[in-house]
file data-v5.cif (mmCIF, C-alpha atoms)
data_protein
loop_
_atom_site.label_atom_id
_atom_site.label_comp_id
_atom_site.auth_asym_id
_atom_site.auth_seq_id
_atom_site.Cartn_x
_atom_site.Cartn_y
_atom_site.Cartn_z
CA MET A 1 51.63 174.16 129.95
CA ARG A 2 52.63 172.15 132.98
CA SER A 3 49.28 170.40 133.08
CA ILE A 4 49.59 169.39 129.41
CA TYR A 5 53.02 167.98 130.18
CA TYR A 6 51.57 166.15 133.17
CA LEU A 7 48.74 164.75 131.05
CA PHE A 8 51.19 163.56 128.46
CA THR A 9 53.49 161.77 130.90
CA ARG A 10 50.51 160.25 132.66
CA PHE A 11 48.63 159.04 129.59
CA TYR A 12 51.27 158.72 126.89
CA VAL A 13 50.42 155.04 126.24
CA ALA A 14 46.75 155.87 125.82
CA ILE A 15 47.52 158.81 123.54
CA LEU A 16 49.83 156.68 121.44
CA PHE A 17 47.21 153.95 121.31
CA VAL A 18 44.63 156.38 119.99
CA LEU A 19 47.07 157.66 117.34
CA LEU A 20 48.03 154.16 116.15
CA GLU A 21 44.39 153.07 116.17
CA ILE A 22 43.36 156.09 114.11
CA PHE A 23 46.06 155.24 111.58
CA ALA A 24 44.97 151.57 111.39
CA LEU A 25 41.28 152.41 111.19
CA SER A 26 41.86 154.94 108.44
CA LEU A 27 43.45 152.13 106.44
CA VAL A 28 40.41 149.96 107.13
CA PHE A 29 37.96 152.70 106.13
CA LYS A 30 39.85 153.41 102.93
CA SER A 31 39.91 149.76 101.94
CA HIS A 32 36.18 149.55 102.65
CA LYS A 33 35.41 152.58 100.56
CA TYR A 34 37.62 152.08 97.57
CA GLN A 35 38.36 148.45 96.94
CA GLU A 36 41.28 149.30 94.69
CA VAL A 37 43.06 151.32 97.35
CA ARG A 38 44.96 148.74 99.35
CA PHE A 39 48.13 150.11 100.78
CA LEU A 40 48.96 146.84 102.41
CA ASN A 41 48.89 144.10 99.84
CA THR A 42 50.66 141.04 98.57
CA SER A 43 51.41 142.42 95.11
CA GLY A 44 54.57 144.06 96.47
CA ASN A 45 57.85 142.63 95.24
CA PHE A 46 59.06 141.32 98.59
CA THR A 47 55.79 139.80 99.80
CA GLY A 48 55.07 138.42 96.34
CA THR A 49 58.42 136.68 96.14
CA VAL A 50 58.09 135.11 99.60
CA LEU A 51 54.58 133.85 98.89
CA GLU A 52 55.60 132.61 95.45
CA TYR A 53 58.28 130.47 97.03
CA VAL A 54 55.86 129.02 99.56
CA ASN A 55 53.20 128.37 96.96
CA GLY A 56 55.49 125.93 95.18
CA ILE A 57 54.35 123.33 97.73
CA ASN A 58 50.71 124.12 97.15
CA THR A 59 51.11 123.80 93.39
CA PHE A 60 52.77 120.43 93.85
CA ILE A 61 49.88 119.13 95.96
CA HIS A 62 47.31 120.06 93.32
CA LEU A 63 49.44 118.90 90.39
CA GLY A 64 47.31 115.86 89.53
CA LYS A 65 44.05 117.80 89.63
CA ASN A 66 45.51 120.62 87.53
CA ASN A 67 46.73 118.18 84.89
CA GLU A 68 43.21 116.84 84.66
CA ILE A 69 41.75 120.33 84.22
CA LEU A 70 44.29 121.19 81.53
CA LEU A 71 43.59 117.92 79.71
CA GLU A 72 39.88 118.68 79.75
CA GLU A 73 40.51 122.18 78.41
CA ASN A 74 42.77 120.81 75.69
CA THR A 75 40.11 118.37 74.58
CA GLN A 76 37.56 121.16 74.33
CA LEU A 77 39.92 123.39 72.36
CA LYS A 78 40.73 120.50 70.01
CA LYS A 79 37.01 119.99 69.43
CA LEU A 80 36.61 123.70 68.70
CA ILE A 81 39.45 123.64 66.16
CA ALA A 82 37.94 120.60 64.47
CA TYR A 83 34.58 122.37 64.31
CA GLN A 84 36.16 125.51 62.90
CA ASN A 85 37.93 123.57 60.22
CA GLN A 86 34.69 121.87 59.29
CA TYR A 87 32.55 125.02 59.16
CA PRO A 88 34.95 127.90 58.46
CA GLY A 89 32.17 130.41 57.72
CA ASP A 90 30.19 130.11 60.97
CA SER A 91 29.88 133.67 62.27
CA SER A 92 29.01 132.61 65.83
CA LEU A 93 32.60 131.48 66.32
CA PRO A 94 34.82 133.94 68.20
CA ARG A 95 37.40 133.99 65.42
CA ASN A 96 35.00 135.44 62.91
CA SER A 97 33.16 137.81 65.16
CA SER A 98 34.50 141.32 64.65
CA THR A 99 33.39 142.80 67.97
CA TYR A 100 35.71 140.79 70.21
CA HIS A 101 39.44 140.90 70.31
CA PHE A 102 40.59 139.15 73.40
CA ASP A 103 44.13 138.33 74.30
CA TYR A 104 44.95 135.93 77.12
CA ILE A 105 47.92 136.22 79.47
CA PRO A 106 48.55 133.02 81.46
CA ALA A 107 49.55 133.49 85.10
CA LYS A 108 50.25 131.40 88.16
CA ILE A 109 48.48 131.97 91.48
CA VAL A 110 50.87 132.93 94.27
CA ASN A 111 48.44 133.51 97.11
CA ASN A 112 44.76 132.86 97.51
CA THR A 113 42.20 133.30 100.27
CA ILE A 114 38.55 132.41 100.54
CA SER A 115 37.65 132.96 104.20
CA LYS A 116 37.27 136.75 104.21
CA SER A 117 34.49 139.03 103.09
CA ILE A 118 36.67 140.45 100.33
CA ASN A 119 39.01 137.81 98.98
CA TYR A 120 42.15 138.58 97.03
CA ILE A 121 44.26 136.42 94.77
CA THR A 122 47.88 137.30 93.96
CA ILE A 123 49.32 136.23 90.61
CA ASP A 124 52.90 136.21 89.36
CA LYS A 125 52.45 138.55 86.36
CA GLY A 126 52.44 142.33 86.55
CA SER A 127 52.75 145.51 84.53
CA LYS A 128 55.85 144.10 82.83
CA GLU A 129 53.68 141.56 81.03
CA GLY A 130 51.06 144.17 80.18
CA ILE A 131 48.56 143.60 82.97
CA GLN A 132 46.51 146.67 83.93
CA LYS A 133 43.98 147.55 86.57
CA GLY A 134 40.44 146.52 85.70
CA LEU A 135 41.18 143.52 83.49
CA GLY A 136 39.10 140.38 83.91
CA VAL A 137 40.59 137.09 85.05
CA ILE A 138 39.25 133.65 84.10
CA SER A 139 40.31 130.09 84.69
CA SER A 140 39.94 127.19 82.26
CA ASN A 141 36.40 126.54 83.48
CA GLY A 142 34.98 129.75 84.90
CA VAL A 143 35.52 133.34 85.99
CA VAL A 144 37.91 134.27 88.78
CA GLY A 145 37.76 138.03 89.32
CA ILE A 146 39.02 141.46 88.33
CA VAL A 147 42.53 142.94 88.65
CA THR A 148 42.62 145.68 91.30
CA ASN A 149 46.32 146.33 91.97
CA VAL A 150 49.34 145.96 89.70
CA SER A 151 53.02 146.10 90.56
CA GLU A 152 55.92 145.40 88.24
CA ASN A 153 55.98 141.63 88.74
CA PHE A 154 52.77 140.79 90.58
CA SER A 155 49.10 141.72 90.52
CA LEU A 156 46.20 141.47 92.91
CA ILE A 157 42.80 140.15 91.83
CA MET A 158 39.56 140.72 93.71
CA SER A 159 37.91 137.33 93.48
CA VAL A 160 34.23 136.88 92.55
CA VAL A 161 33.84 135.51 96.07
CA SER A 162 33.84 139.06 97.50
CA VAL A 163 30.96 141.12 98.81
CA LYS A 164 31.97 143.99 96.54
CA SER A 165 32.26 141.96 93.36
CA LEU A 166 29.52 142.43 90.75
CA ILE A 167 29.56 140.64 87.39
CA GLY A 168 26.98 140.71 84.62
CA VAL A 169 25.74 137.23 83.76
CA ARG A 170 23.21 135.62 81.45
CA HIS A 171 20.94 132.62 81.86
CA LYS A 172 21.85 130.22 79.05
CA ASN A 173 18.42 129.02 77.91
CA THR A 174 16.44 132.26 78.21
CA ASN A 175 19.25 134.80 77.58
CA ALA A 176 17.92 136.85 80.51
CA LEU A 177 20.49 139.09 82.21
CA GLY A 178 21.33 139.22 85.89
CA ASN A 179 24.06 140.17 88.34
CA LEU A 180 26.36 137.73 90.05
CA ARG A 181 27.26 138.75 93.58
CA TRP A 182 28.08 137.23 96.95
CA ASN A 183 26.30 137.79 100.26
CA GLY A 184 29.41 137.08 102.34
CA GLU A 185 28.20 133.84 103.90
CA ASP A 186 29.08 130.51 102.27
CA PRO A 187 32.10 130.95 99.92
CA TYR A 188 30.90 128.07 97.74
CA THR A 189 27.45 129.59 97.13
CA LEU A 190 26.96 132.84 95.20
CA GLN A 191 23.76 134.76 94.43
CA ILE A 192 22.24 136.07 91.23
CA ASP A 193 19.69 138.86 91.26
CA GLY A 194 17.74 140.58 88.53
CA LEU A 195 16.28 137.45 86.95
CA SER A 196 12.49 137.82 86.69
CA LYS A 197 10.42 135.09 88.31
CA THR A 198 8.31 134.69 85.19
CA LEU A 199 11.27 133.07 83.43
CA PRO A 200 11.38 129.28 83.08
CA ILE A 201 14.53 128.67 85.11
CA LYS A 202 15.25 125.27 86.58
CA LYS A 203 17.76 123.80 88.98
CA ASN A 204 21.15 122.91 87.40
CA ASP A 205 20.69 125.44 84.58
CA THR A 206 23.86 127.01 83.25
CA ILE A 207 24.85 130.65 83.82
CA LEU A 208 27.21 132.34 81.33
CA THR A 209 29.04 135.66 81.24
CA ALA A 210 26.87 138.35 79.67
CA GLY A 211 29.61 139.67 77.43
CA PHE A 212 28.28 143.20 77.21
CA SER A 213 31.11 144.61 79.26
CA SER A 214 34.54 144.74 77.76
CA ILE A 215 36.02 142.88 80.73
CA PHE A 216 35.00 139.27 80.18
CA PRO A 217 34.54 137.51 76.87
CA PRO A 218 30.96 136.35 76.28
CA ASN A 219 29.66 132.81 76.77
CA ILE A 220 32.06 131.61 79.42
CA VAL A 221 30.37 129.15 81.74
CA VAL A 222 30.27 130.73 85.21
CA ALA A 223 27.98 128.73 87.44
CA THR A 224 25.08 126.32 87.73
CA VAL A 225 21.83 127.01 89.57
CA LYS A 226 21.80 125.30 92.94
CA LYS A 227 18.63 126.55 94.56
CA LEU A 228 15.95 128.96 93.45
CA GLU A 229 12.72 130.29 94.86
CA PRO A 230 10.57 133.26 93.81
CA ASP A 231 10.99 136.25 96.11
CA GLU A 232 7.69 137.13 97.81
CA SER A 233 8.24 140.88 97.88
CA THR A 234 9.78 141.52 94.45
CA SER A 235 9.32 140.19 90.94
CA PHE A 236 12.66 138.40 90.93
CA TYR A 237 14.03 135.02 91.88
CA ASN A 238 16.11 134.43 94.98
CA MET A 239 18.79 132.35 93.40
CA ASN A 240 21.80 130.51 94.78
CA VAL A 241 24.40 129.26 92.34
CA ARG A 242 27.55 127.18 92.53
CA LEU A 243 30.63 128.29 90.59
CA THR A 244 31.89 125.85 87.98
CA ASN A 245 35.49 126.35 89.01
CA ASN A 246 36.77 125.77 92.49
CA ILE A 247 38.47 129.10 93.27
CA ASN A 248 40.10 127.52 96.27
CA THR A 249 42.23 124.97 94.46
CA LEU A 250 43.06 126.96 91.33
CA SER A 251 46.73 127.17 90.40
CA TYR A 252 46.67 128.79 86.96
CA VAL A 253 44.50 131.58 85.55
CA TYR A 254 44.25 133.68 82.39
CA VAL A 255 44.13 137.46 82.45
CA VAL A 256 41.82 138.64 79.68
CA LYS A 257 43.00 141.63 77.72
CA ASN A 258 40.55 143.21 75.34
CA GLU A 259 42.46 145.10 72.68
CA LYS A 260 39.41 147.20 71.86
CA LYS A 261 38.48 147.92 75.48
CA LYS A 262 39.67 151.52 75.38
CA GLU A 263 37.80 152.26 72.18
CA LEU A 264 34.65 150.61 73.46
CA ASP A 265 34.83 152.40 76.80
CA THR A 266 35.36 155.87 75.33
CA LEU A 267 32.49 155.32 72.92
CA GLN A 268 30.17 154.27 75.71
CA MET A 269 31.28 157.19 77.85
CA GLN A 270 30.50 159.57 74.99
CA MET A 271 27.01 158.13 74.74
CA ILE A 272 26.46 158.60 78.46
CA ASN A 273 27.73 162.19 78.33
CA GLU A 274 25.57 163.25 75.43
CA MET B 1 67.67 136.45 132.30
CA ASN B 2 66.76 139.45 130.24
CA SER B 3 68.58 138.28 127.12
CA LYS B 4 67.01 134.85 127.46
CA PHE B 5 63.56 136.47 127.51
CA LEU B 6 64.48 138.51 124.47
CA ILE B 7 65.63 135.49 122.47
CA THR B 8 62.69 133.21 123.33
CA ASN B 9 60.22 136.02 122.63
CA SER B 10 61.82 136.90 119.29
CA ILE B 11 61.82 133.27 118.17
CA ARG B 12 58.19 132.93 119.22
CA PHE B 13 57.22 136.06 117.26
CA VAL B 14 58.90 134.83 114.08
CA LEU B 15 57.50 131.30 114.34
CA LEU B 16 53.93 132.36 115.11
CA ILE B 17 53.85 134.98 112.35
CA ALA B 18 55.31 132.46 109.88
CA LEU B 19 52.77 129.83 110.95
CA GLN B 20 49.95 132.33 110.50
CA ILE B 21 51.04 133.63 107.11
CA LEU B 22 52.36 130.48 105.50
CA LEU B 23 49.97 127.86 106.82
CA LEU B 24 46.84 129.16 108.54
CA ASN B 25 46.09 131.88 105.96
CA GLU B 26 46.16 129.25 103.22
CA LEU B 27 43.86 126.72 104.85
CA PRO B 28 40.75 126.10 102.72
CA LEU B 29 38.23 126.09 105.57
CA GLY B 30 35.39 128.07 104.02
CA ARG B 31 34.18 130.75 106.39
CA VAL B 32 36.42 129.68 109.25
CA TYR B 33 39.44 131.96 109.59
CA ILE B 34 41.95 130.67 112.11
CA MET B 35 44.05 133.43 113.69
CA ILE B 36 46.65 132.51 116.29
CA TYR B 37 48.99 135.50 115.98
CA PRO B 38 47.50 137.34 119.05
CA LEU B 39 49.41 134.68 121.02
CA THR B 40 52.57 136.71 120.36
CA ILE B 41 51.18 139.57 122.46
CA LEU B 42 49.43 137.27 124.94
CA LEU B 43 52.63 135.51 126.03
CA LEU B 44 54.88 138.53 126.56
CA PRO B 45 56.28 138.70 130.13
CA VAL B 46 53.92 140.48 132.53
CA PHE B 47 56.24 143.39 133.18
CA THR B 48 56.98 144.23 129.57
CA SER B 49 56.53 147.98 129.25
CA ARG B 50 53.07 148.90 128.00
CA LEU B 51 54.63 151.07 125.32
CA VAL B 52 56.66 148.13 123.99
CA VAL B 53 53.59 145.88 123.99
CA LEU B 54 51.63 148.52 122.07
CA PHE B 55 54.31 148.96 119.41
CA LEU B 56 54.89 145.22 119.06
CA ALA B 57 51.15 144.69 118.60
CA PHE B 58 50.96 147.44 116.00
CA PHE B 59 53.87 146.15 113.92
CA THR B 60 52.85 142.50 114.20
CA GLY B 61 49.40 143.46 112.91
CA LEU B 62 50.98 145.43 110.10
CA ILE B 63 53.10 142.46 109.01
CA ILE B 64 50.09 140.13 109.06
CA ASP B 65 48.11 142.71 107.06
CA ILE B 66 50.77 143.08 104.40
CA PHE B 67 51.00 139.34 103.88
CA SER B 68 47.28 138.61 103.87
CA ASN B 69 45.71 141.63 102.13
CA GLY B 70 44.03 142.59 105.38
CA GLY B 71 43.81 146.30 104.55
CA GLY B 72 44.48 147.40 108.14
CA LEU B 73 42.08 145.01 109.87
CA HIS B 74 44.73 143.00 111.69
CA THR B 75 46.63 146.16 112.66
CA ALA B 76 43.53 147.79 114.15
CA THR B 77 42.44 144.73 116.13
CA LEU B 78 45.85 143.71 117.41
CA THR B 79 46.69 147.26 118.50
CA ALA B 80 43.49 147.27 120.54
CA ILE B 81 44.48 143.92 122.08
CA GLY B 82 47.97 145.26 122.83
CA TYR B 83 46.47 148.25 124.64
CA SER B 84 43.92 146.29 126.64
CA ARG B 85 46.34 143.52 127.62
CA SER B 86 47.54 145.23 130.79
CA TYR B 87 43.95 145.74 131.99
CA ILE B 88 43.09 142.11 131.29
CA LEU B 89 46.22 140.99 133.16
CA ASP B 90 45.23 143.22 136.10
CA THR B 91 41.86 141.53 136.43
CA PHE B 92 43.45 138.12 136.09
CA GLN B 93 46.29 138.63 138.56
CA PRO B 94 46.98 135.95 141.16
CA ARG B 95 46.06 136.60 144.80
CA SER B 96 49.62 137.58 145.70
CA GLY B 97 49.91 139.95 142.75
CA TRP B 98 52.26 139.68 139.80
CA ASP B 99 55.89 138.80 140.38
CA LYS B 100 58.82 140.39 138.60
CA LEU B 101 59.56 137.42 136.33
CA ASP B 102 56.05 136.15 135.72
CA VAL B 103 55.03 135.06 132.25
CA PRO B 104 51.32 134.57 131.54
CA ASN B 105 51.66 131.10 130.01
CA VAL B 106 50.40 127.60 130.79
CA SER B 107 53.50 126.30 132.53
CA GLN B 108 53.59 129.13 135.11
CA GLN B 109 49.93 129.95 135.62
CA GLY B 110 48.28 126.60 135.08
CA VAL B 111 45.84 125.19 132.53
CA THR B 112 42.62 126.67 133.95
CA TRP B 113 44.06 130.14 134.31
CA PHE B 114 45.40 130.11 130.75
CA PHE B 115 42.10 128.74 129.47
CA TYR B 116 40.16 131.77 130.73
CA TYR B 117 42.89 134.27 129.83
CA SER B 118 43.16 133.08 126.23
CA LEU B 119 39.40 132.75 125.93
CA ILE B 120 38.90 136.40 126.91
CA VAL B 121 41.67 137.79 124.72
CA PHE B 122 40.82 135.71 121.65
CA SER B 123 37.07 136.38 121.96
CA LEU B 124 37.78 140.10 122.08
CA HIS B 125 40.14 139.88 119.14
CA HIS B 126 37.86 137.77 116.94
CA LEU B 127 34.76 139.84 117.71
CA LEU B 128 36.60 143.05 116.83
CA TYR B 129 38.10 141.54 113.70
CA PHE B 130 34.92 140.11 112.20
CA PHE B 131 32.71 143.10 113.00
CA LEU B 132 35.30 145.48 111.62
CA GLU B 133 35.54 143.27 108.53
CA VAL B 134 31.84 143.33 107.62
CA PHE B 135 31.59 146.85 109.03
CA SER B 136 27.92 146.64 109.86
CA PHE B 137 25.50 145.00 112.26
CA ALA B 138 23.23 144.09 109.35
CA ASN B 139 24.01 140.37 109.32
CA PHE B 140 24.56 140.28 113.05
CA PHE B 141 23.91 136.59 113.67
CA SER B 142 25.83 135.44 110.63
CA THR B 143 28.83 137.47 111.81
CA ILE B 144 28.48 136.09 115.34
CA PHE B 145 28.33 132.58 113.94
CA LYS B 146 31.45 133.20 111.88
CA THR B 147 33.20 134.61 114.94
CA ILE B 148 32.30 131.64 117.11
CA ILE B 149 33.39 128.91 114.71
CA SER B 150 36.63 130.75 113.92
CA LEU B 151 37.23 131.33 117.63
CA PHE B 152 36.75 127.65 118.30
CA GLY B 153 39.29 126.73 115.60
CA SER B 154 41.83 129.33 116.75
CA LEU B 155 41.58 128.38 120.43
CA LEU B 156 41.92 124.69 119.63
CA ILE B 157 45.22 125.35 117.87
CA VAL B 158 46.38 127.81 120.54
CA TRP B 159 45.75 125.29 123.33
CA MET B 160 47.42 122.50 121.38
CA ILE B 161 50.53 124.64 120.90
CA SER B 162 50.52 125.76 124.56
CA LEU B 163 50.16 122.23 125.94
CA PHE B 164 52.86 120.97 123.63
CA PHE B 165 55.32 123.60 124.85
CA MET B 166 54.26 123.21 128.49
CA ARG B 167 55.61 119.69 128.65
CA ASN B 168 58.90 120.81 127.12
CA SER B 169 59.48 123.58 129.61
CA ARG B 170 58.95 121.33 132.61
CA GLU B 171 61.63 118.85 131.56
#
call {"tool": "encode", "arguments": {"input": "data-v5.cif", "output": "structure tokens"}}
result
Amino acid sequence: MRSIYYLFTRFYVAILFVLLEIFALSLVFKSHKYQEVRFLNTSGNFTGTVLEYVNGINTFIHLGKNNEILLEENTQLKKLIAYQNQYPGDSSLPRNSSTYHFDYIPAKIVNNTISKSINYITIDKGSKEGIQKGLGVISSNGVVGIVTNVSENFSLIMSVVSVKSLIGVRHKNTNALGNLRWNGEDPYTLQIDGLSKTLPIKKNDTILTAGFSSIFPPNIVVATVKKLEPDESTSFYNMNVRLTNNINTLSYVYVVKNEKKKELDTLQMQMINE
Amino acid sequence: MNSKFLITNSIRFVLLIALQILLLNELPLGRVYIMIYPLTILLLPVFTSRLVVLFLAFFTGLIIDIFSNGGGLHTATLTAIGYSRSYILDTFQPRSGWDKLDVPNVSQQGVTWFFYYSLIVFSLHHLLYFFLEVFSFANFFSTIFKTIISLFGSLLIVWMISLFFMRNSRE
């Protein structure tokens, strides 16, 4: 007993260090294993409010650029309305297609990082506005990520520029399907795998969302091909792409809510189970 | 003297943490991640109790983690730095040994001394942080590269801050 007491008085700093380190490392391991389990995050009310206040400055700096993006988006939407009015029966238009029922919740970015291996974006809308875990997030000209944490007034999005992010995409001209992921190196260059090297893919080709999942609406422009070369050892391309939106300077995003997501998911689960 | 130490150290903690969270975390520098918050632990007076240093390191890391979605990374690395600080200071002690009121900063210990001290501590911190972040040795050289460019950025800012405050304290 005395020797234990002696050990403790002699090494109490070391013992405490080990205990604190075990606690910290367990947090790290958990956040590596389950990306949605983040005990420490900026979607909390206090942290969210502080960062929201600070981000006012950031928003102001990018005001001109954001106006431009919104103007561009407006023009495109106006064109779409004009087209719809001209050809009201066209079934390829989202309005007439019965499979997709997407609702969009606009939100403002409160905090944003790009320099880590898993990057998170905090937005100023939470469960109060109907945001749930697992919803997709897009900007006016591309995809942004998937909601991983929700509090009452804020939510956390895992950005596509994360090593754990995986999004189904489609090559526009050939309709071939692939996966968009990031290798953790250059945050402005993402990778697509699963596209066969027999396909006629060229530089600067457009990549769209696949639209088979219930998370993202189909046919959203995601990226353009930057560099591609056939992989020697497999039958696929090694492909680097550049996102169409600059995640870094975004100020506003849309959270995509699919009203039929639950129905679709349960149906697909049933098929898998049978 | 004690209360003066307490006040200057508290102000430094708040300012450095604010600078890290509000400015450096937001910088759009691609894969460079500038971290200067270990300076809070680095500049504590030499004879601060090891237990206090350890707890301060732990809670500073926790605050940084909460505000930057670190998921425990900053806590784990800074706690390790807080623990190893006394050993680093031992190897770096002046020939006459440490004095009661010594502070390991530029004004007291000189530019060269602080250069090596900060280089060692920040290298250790950045290496730990980036390897814990990717959690594998698979992309070893890419991680090393990331560590080195981030280290360069962090140290540049740390030395700028230190030199700026050195002149003030001599007046």
call {"tool": "resolve_selection", "arguments": {"input": "data-v5.cif", "expression": "the PyMOL selection byres ((chain B) within 6 of (chain A))", "output": "list of chain:residue names"}}
result
B:Gly30, B:Arg31, B:Tyr33, B:Leu51, B:Ile66, B:Phe67, B:Asn69, B:Gly71, B:Gly72, B:Leu73, B:Thr75, B:Ala76
call {"tool": "residues_around", "arguments": {"input": "data-v5.cif", "residues": "Trp159 of chain B", "least_positions_apart": "6", "cutoff": "12 Å", "atoms": "all atoms listed in the file", "output": "ChimeraX atom specification"}}
result
/B:36,39,105-106,111-112,114-119,122,151-153,165-166
call {"tool": "residues_around", "arguments": {"input": "data-v5.cif", "residues": "segment 165-179 of chain A", "least_positions_apart": "3", "cutoff": "10 Å", "atoms": "all atoms listed in the file", "output": "NGL selection string"}}
result
:A and (35 or 118-119 or 143 or 145-146 or 158-162 or 182 or 191-196 or 199-202 or 205-213 or 215-216 or 218-225)
call {"tool": "atom_distance", "arguments": {"input": "data-v5.cif", "atom1": "atom CA of Ile161 of chain B", "atom2": "atom CA of Ile11 of chain B"}}
result
14.5 Å
call {"tool": "axis_aligned_box", "arguments": {"input": "data-v5.cif", "around": "segment 127-141 of chain B", "padding_each_side": "3 Å", "output": "AutoDock Vina command-line options"}}
result
--center_x 30.7 --center_y 141.7 --center_z 112.7 --size_x 20.9 --size_y 16.3 --size_z 16.1
call {"tool": "residues_around", "arguments": {"input": "data-v5.cif", "residues": "Val103 of chain B", "least_positions_apart": "2", "cutoff": "12 Å", "atoms": "all atoms listed in the file", "output": "JSON, numbers by chain"}}
result
{"B": [5, 8, 9, 41, 42, 43, 44, 45, 46, 47, 48, 89, 93, 98, 99, 100, 101, 105, 106, 107, 108, 109, 110, 114]}
call {"tool": "atom_distance", "arguments": {"input": "data-v5.cif", "atom1": "atom CA of Tyr53 of chain A", "atom2": "atom CA of Gly136 of chain A"}}
result
25.3 Å
call {"tool": "atom_distance", "arguments": {"input": "data-v5.cif", "atom1": "atom CA of Asn238 of chain A", "atom2": "atom CA of Asn139 of chain B"}}
result
17.4 Å
call {"tool": "resolve_selection", "arguments": {"input": "data-v5.cif", "expression": "the PyMOL selection byres ((chain A and resi 254-268) around 9)", "output": "PyMOL selection string"}}
result
chain A and resi 99-108+130-132+135-140+146-147+213-217+252-253+269-273
call {"tool": "closest_residue", "arguments": {"input": "data-v5.cif", "among": "A:Asn141, A:Asn153, A:Thr198, A:Asn45", "to": "Asn66 of chain A", "atoms": "only C-alpha atoms"}}
result
A:Asn141
call {"tool": "closest_residue", "arguments": {"input": "data-v5.cif", "among": "A:Glu152, A:Glu129, A:Glu68, A:Glu52", "to": "Ile109 of chain A", "atoms": "all atoms listed in the file"}}
result
A:Glu52
call {"tool": "closest_residue", "arguments": {"input": "data-v5.cif", "among": "A:Lys164, A:Gly126, A:Asn204, A:Lys133", "to": "Ser151 of chain A", "atoms": "all atoms listed in the file"}}
result
A:Gly126
